[in-house]
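Structure first, then comments.
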Number of protein chains: 2
Amino acid sequence: MKLNFKAIISILGLLLMLNGGFMLLCLPVSLYFRDGEWRSLLMASLLTFGVGAAGYFLTKSKTNGGLSKRDGYLVVSLGWLCMSAFGTLPYILSGEIPNFTDAFFETLSGYTTTGASILNDIEAMGEGILMWRSLTQWIGGMGIIVLTVAILPLLGIGGMQLFVAEAPGVTPDKLKPRITDTAKRLWLIYLGLTVLEAILLKLGGMSLFDAVNHSLTTMATGGFSTRQASIAYFTSPFIQYVIIVFMFLAGTNFTLTYFALHGQWKKVFNNEEFKYYFGFTLAFGLLIAAVVYMVSDHTVEVAFRNALFQIVSIVTTTGFVTADYTSWAPLLTVVFFMFMFIGASAGSTAGGVKVVRHVILLKNSILELRRQIHPNAVLPVRLNSMAISSDITFNIMAFMIIYFMVFAMGATLLSALGYDFNTSIGAVATCLGNIGPGIGKVGPMDNFASISAAGKWILSFLMLLGRLELFTVLILFTPYFWTKH
Amino acid sequence: MKLNFKAIISILGLLLMLNGGFMLLCLPVSLYFRDGEWRSLLMASLLTFGVGAAGYFLTKSKTNGGLSKRDGYLVVSLGWLCMSAFGTLPYILSGEIPNFTDAFFETLSGYTTTGASILNDIEAMGEGILMWRSLTQWIGGMGIIVLTVAILPLLGIGGMQLFVAEAPGVTPDKLKPRITDTAKRLWLIYLGLTVLEAILLKLGGMSLFDAVNHSLTTMATGGFSTRQASIAYFTSPFIQYVIIVFMFLAGTNFTLTYFALHGQWKKVFNNEEFKYYFGFTLAFGLLIAAVVYMVSDHTVEVAFRNALFQIVSIVTTTGFVTADYTSWAPLLTVVFFMFMFIGASAGSTAGGVKVVRHVILLKNSILELRRQIHPNAVLPVRLNSMAISSDITFNIMAFMIIYFMVFAMGATLLSALGYDFNTSIGAVATCLGNIGPGIGKVGPMDNFASISAAGKWILSFLMLLGRLELFTVLILFTPYFWTKH
């Protein structure tokens, strides 16, 4: 089957139109704050919308047939790239980030909900542009929800079909990129939680602007802040606790939140991924709090808050910062570095590997030891009391192996550009995991401004890979994908 | 089936008797050099032999039936531990390493052919003791050969049954721990190459004592040196090239060396693992030589020799050092750290993951992308033109995942003891991979003397895990192993 390029362009056009619409939302902000950038925003919006509309209407009537799986892979990668390319326009036209590489890095970091930033003086930016910056993450989070519930299960990526119980019926080879009812329901939760967090942050003493921006980037597990010092700027314990709670919610499978809202708590607490996610976060939060308490002169509450904040921020791949965790103790640098390979729940906006994959890998490792003694015994991994087919376990292991391979190659490339050991592996781990802060020179108190253009492109590619569950992007690099099928 | 403890004790006894015999070999060395330690060596030898003989003869007549697979697992782990426990005697009785933790670390580092050392002044040690130190590695290498060709294939560990073409027929559940003909042939090659290298090193200007010791530890891919400065002490290019060649040979599947000696070169050059092992080593040798040439004021030859030496030393998990690779360039620290996860060929004395596993993982990763597009296509990994069953690929992936899990846990534990990030991950990577030098405070110019007792026990456990292909040891920690079967 040939690739259906017309249908692909039509969808990309639709995405750009949507994107142009979102840009328009920044216009009133810019006008209200008189930051003088409304013209750039308007122009960016019209350009994006215009190109999108052209693509959409020129191809729409001519498309016939649906999308094949192969079209699906292409749409997903191109969608993120296309949106990032046009998403740079507000930065470039306003002159806030004049360099395309920088603007692209910042935009892709937004859409992939990574939160790695090249900005050295965030407070100097216009409010309209900052709003756009936060919106890229929120849009990215929205995209991830539809990707997870409506697209990835059809593409069969890394067992994603398993983890979202509510996913619509799978049609074998034809992909209908309609926004499913499930996606709509989850979007509503996403929107609702964003509004709720903004209200709470406002009540906690943030300005409305800061409150909205931070709620947008919290729910996307993005981590862009309107402040150079990130959440360390907001010293209110109430604000920090609110953000901890909402980061945790953003890293929870949205389907479970849906169940919780409908009073089906049993479904939530019987969910194995949630149990591990919750237990792991709490256990390490307490453990790290104890370490922080010992090595610092903080009170118990401050130590607990900082520890919990940082672990939730890293595990949910948000990347907000209240303190420099790399300065706490050597143990914690190692621990936080390892956490970059965890990722929160599947079906949330979090990036990275995801807890459920680790649960399956862990269970399978133990079973594999048993299988060693009795090679003929059939011992499938069980998740939520259901046996998982060995194909899926196989696929998840392959995912993890590829994840490490990509990590190793990325770190080697970055170090080849001259960055030291810690910076190289930290930058790669954090970008591949869509987190934000790394270790070394891209640690929690630093940013990615000092990374060279080549480094930024490498890291951009890694952000995209990590966000789109590796396979979706890598598959495009196999000759097999492009040969006739 | 109950565990056959009597048979197990009988084998352990045999191993100790053998060990006691090897200790006796150090006696003439000690007497010749008049290092005053012959009494300690004799006592150690008699004690080891005596305990072994008691164990052997008290149980031998009473054993009935062979060993089950479960017995096999126990024998392997206990064998290495038992030998290490008694192998400390020469160090302790002579007072050269009076502390049991230190002596055990040094001995296990020997038997596992790791080469991590706690000695700060090697030249001050008596020759008899140094000889014993080198012999522990050589005995360990001999043990690994029999493990690989005669035991692991029967236990079905990580696809090892595949990689040694010459392995004897597999009997399903009964393990006959007889020394197979294959093992005997390979031992002969091992011994022959050791003698040949010793002669060449002597011709190159080493003293006979140094020549023998270094050839013993080269062929075992161990890396213990009689000099604190390791091979940097021997500035002769001839000596360094000889060691490069023999490290490479020690990291080559001994079965292939056997074929080569019988003129069957085609079998050697058609072997995929060998092709990757050779190509990888040479390619990175040249690449690193280029980097070293650029960042140093070495001549081309010196840069090439140092680069090739270090990469062969790390990839073969030997661990000899001619230069501080962590000081060359940030790139090379990352590269050498990654190399610690490679390991040389299966069927050699090298530890670590092994090239063949990486080859299969790499091929499977590419195939998994294809399987994504056509989930119903049967696409097995092919090695040496043969399709590999998905069970074996599955097992190898599980091996790799467990390897990373063990690495992560080890690094976390070590950092919890207060070691910095680089030291923690470096020490764990190098001990788990049975290499020797790490990065950070256990880098190529340092040693493990400064590591605390707790750290040494953790690292000892990791050396054993890595050497015995993980499963063999880990399986003993599952409750399942100890329940009735």
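Lettering and numbering for the structure tokens are positional, with chains as A, B, ... in the shown order, residues counted from 1 in each chain, and ligands counted from 1 in the shown order.
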Using only C-alpha atoms, which residues sit within 9 Å of range 418-421 of chain B once same-chain residues fewer than 3 positions away are excluded, as a count of residues only?
16
Using 9 Å as the limit and counting only C-alpha atoms, can you tabulate each residue of chain A that touches chain B, with its shortest atom-to-atom distance in Å and the two atoms involved, as CSV?
residue,atom,partner,partner_atom,distance
A:Lys69,CA,B:Ile373,CA,7.0
A:Arg70,CA,B:Ile373,CA,7.0
A:Leu155,CA,B:Gln372,CA,7.2
A:Gly156,CA,B:Gln372,CA,6.8
A:Ile157,CA,B:Gln372,CA,7.3
A:Ala329,CA,B:Gly418,CA,7.7
A:Pro330,CA,B:Asp420,CA,4.9
A:Leu331,CA,B:Ser415,CA,4.4
A:Leu332,CA,B:Ser415,CA,8.0
A:Thr333,CA,B:Phe421,CA,6.5
A:Val334,CA,B:Phe421,CA,5.8
A:Val335,CA,B:Thr412,CA,6.3
A:Met338,CA,B:Ala408,CA,7.0
A:Leu361,CA,B:Ile401,CA,7.5
A:Leu362,CA,B:Ile402,CA,8.3
A:Asn364,CA,B:Ala398,CA,7.6
A:Ser365,CA,B:Ala398,CA,6.0
A:Ile366,CA,B:Thr478,CA,7.8
A:Glu368,CA,B:Ala398,CA,7.1
A:Leu369,CA,B:Ile475,CA,5.6
A:Arg370,CA,B:Tyr480,CA,7.1
A:Gln372,CA,B:Gly156,CA,6.8
A:Ile373,CA,B:Lys69,CA,7.0
A:Pro375,CA,B:Gly156,CA,8.4
A:Ser390,CA,B:Phe394,CA,9.0
A:Thr393,CA,B:Phe394,CA,8.8
A:Phe394,CA,B:Phe394,CA,6.2
A:Asn395,CA,B:Glu368,CA,7.3
A:Met397,CA,B:Met397,CA,6.2
A:Ala398,CA,B:Ser365,CA,6.0
A:Phe399,CA,B:Ser365,CA,8.0
A:Met400,CA,B:Ile401,CA,7.7
A:Ile401,CA,B:Ile401,CA,7.4
A:Ile402,CA,B:Ser365,CA,6.5
A:Met405,CA,B:Leu362,CA,8.7
A:Ala408,CA,B:Met338,CA,7.0
A:Ala411,CA,B:Val334,CA,7.2
A:Thr412,CA,B:Val334,CA,6.2
A:Leu413,CA,B:Leu331,CA,8.2
A:Leu414,CA,B:Leu331,CA,8.0
A:Ser415,CA,B:Leu331,CA,4.4
A:Ala416,CA,B:Leu331,CA,4.9
A:Leu417,CA,B:Leu331,CA,7.7
A:Gly418,CA,B:Pro330,CA,6.2
A:Tyr419,CA,B:Pro330,CA,6.4
A:Asp420,CA,B:Pro330,CA,4.9
A:Phe421,CA,B:Val334,CA,5.8
A:Asn422,CA,B:Asn422,CA,8.0
A:Ser424,CA,B:Val334,CA,8.2
A:Ile425,CA,B:Val334,CA,8.2
A:Phe471,CA,B:Leu369,CA,6.4
A:Thr472,CA,B:Leu369,CA,8.8
A:Leu474,CA,B:Leu369,CA,7.6
A:Ile475,CA,B:Leu369,CA,5.6
A:Thr478,CA,B:Ile366,CA,7.8
A:Tyr480,CA,B:Arg370,CA,7.1
A:Phe481,CA,B:Arg370,CA,7.7
Between CA of Thr316 in chain B and CA of Ile97 in chain B, what distance in Å does the model show, to one decimal?
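Distance reported for this atom pair: 28.0 Å.
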Give me every helix (DSSP H, G or I) residue in range 275-318 of chain B, going by DSSP on the backbone, as a VMD selection string.
chain B and resid 275 to 295 300 to 315
Sort by chain and increasing residue number a table of all residues of range 172-282 of chain A within 12 Å of range 299-302 of chain A, each with its closest pair of atoms and their distance in Å to one decimal, counting only C-alpha atoms, and write it as JSON lines.
{"residue": "A:Thr235", "atom": "CA", "partner": "A:Val302", "partner_atom": "CA", "distance": 10.6}
{"residue": "A:Ser236", "atom": "CA", "partner": "A:Val302", "partner_atom": "CA", "distance": 11.0}
{"residue": "A:Pro237", "atom": "CA", "partner": "A:Val302", "partner_atom": "CA", "distance": 8.5}
{"residue": "A:Phe238", "atom": "CA", "partner": "A:Val302", "partner_atom": "CA", "distance": 11.9}
{"residue": "A:Gln240", "atom": "CA", "partner": "A:Val302", "partner_atom": "CA", "distance": 10.7}
{"residue": "A:Tyr241", "atom": "CA", "partner": "A:Val302", "partner_atom": "CA", "distance": 11.1}
With N, CA, C and O atoms retained, could you export that selection as a short mmCIF file (atom, residue, chain, number, x, y, z; two decimals), in the first residue's frame?
data_model
loop_
_atom_site.label_atom_id
_atom_site.label_comp_id
_atom_site.auth_asym_id
_atom_site.auth_seq_id
_atom_site.Cartn_x
_atom_site.Cartn_y
_atom_site.Cartn_z
N THR A 235 8.09 30.89 47.33
CA THR A 235 8.51 30.23 48.57
C THR A 235 7.33 29.73 49.39
O THR A 235 7.52 29.00 50.35
N SER A 236 6.11 30.09 48.99
CA SER A 236 4.93 29.65 49.76
C SER A 236 4.81 28.13 49.78
O SER A 236 4.73 27.49 48.73
N PRO A 237 4.81 27.53 50.98
CA PRO A 237 4.64 26.07 51.05
C PRO A 237 3.33 25.64 50.40
O PRO A 237 3.29 24.60 49.73
N PHE A 238 2.26 26.44 50.55
CA PHE A 238 0.97 26.08 49.95
C PHE A 238 1.12 25.90 48.44
O PHE A 238 0.70 24.88 47.87
N GLN A 240 3.80 25.32 46.73
CA GLN A 240 4.64 24.17 46.39
C GLN A 240 3.89 22.85 46.58
O GLN A 240 4.01 21.94 45.75
N TYR A 241 3.10 22.76 47.63
CA TYR A 241 2.32 21.53 47.82
C TYR A 241 1.26 21.36 46.73
O TYR A 241 1.02 20.24 46.26
#
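In this model, the gap between CA of Leu46 in chain B and CA of Phe33 in chain B comes to 21.2 Å.
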What's the separation between CA of Leu287 in chain A and CA of Asp324 in chain A, in Å to one decimal place?
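Separating CA of Leu287 in chain A from CA of Asp324 in chain A is a distance of 17.0 Å.
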Among listed residues A:Ile199, A:Ala103, A:Ile8, A:Leu282, nearest Ala449 in chain A (using only C-alpha atoms)
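Closest residue, counting only C-alpha atoms: A:Ala103.
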Determine, counting only C-alpha atoms, which protein, DNA and RNA residues have an atom within 9 Å of an atom of Gln310 in chain A; residues of the same chain fewer than 6 positions away are not included. Present the result as a PyMOL selection string.
chain A and resi 244+285+319-325+336
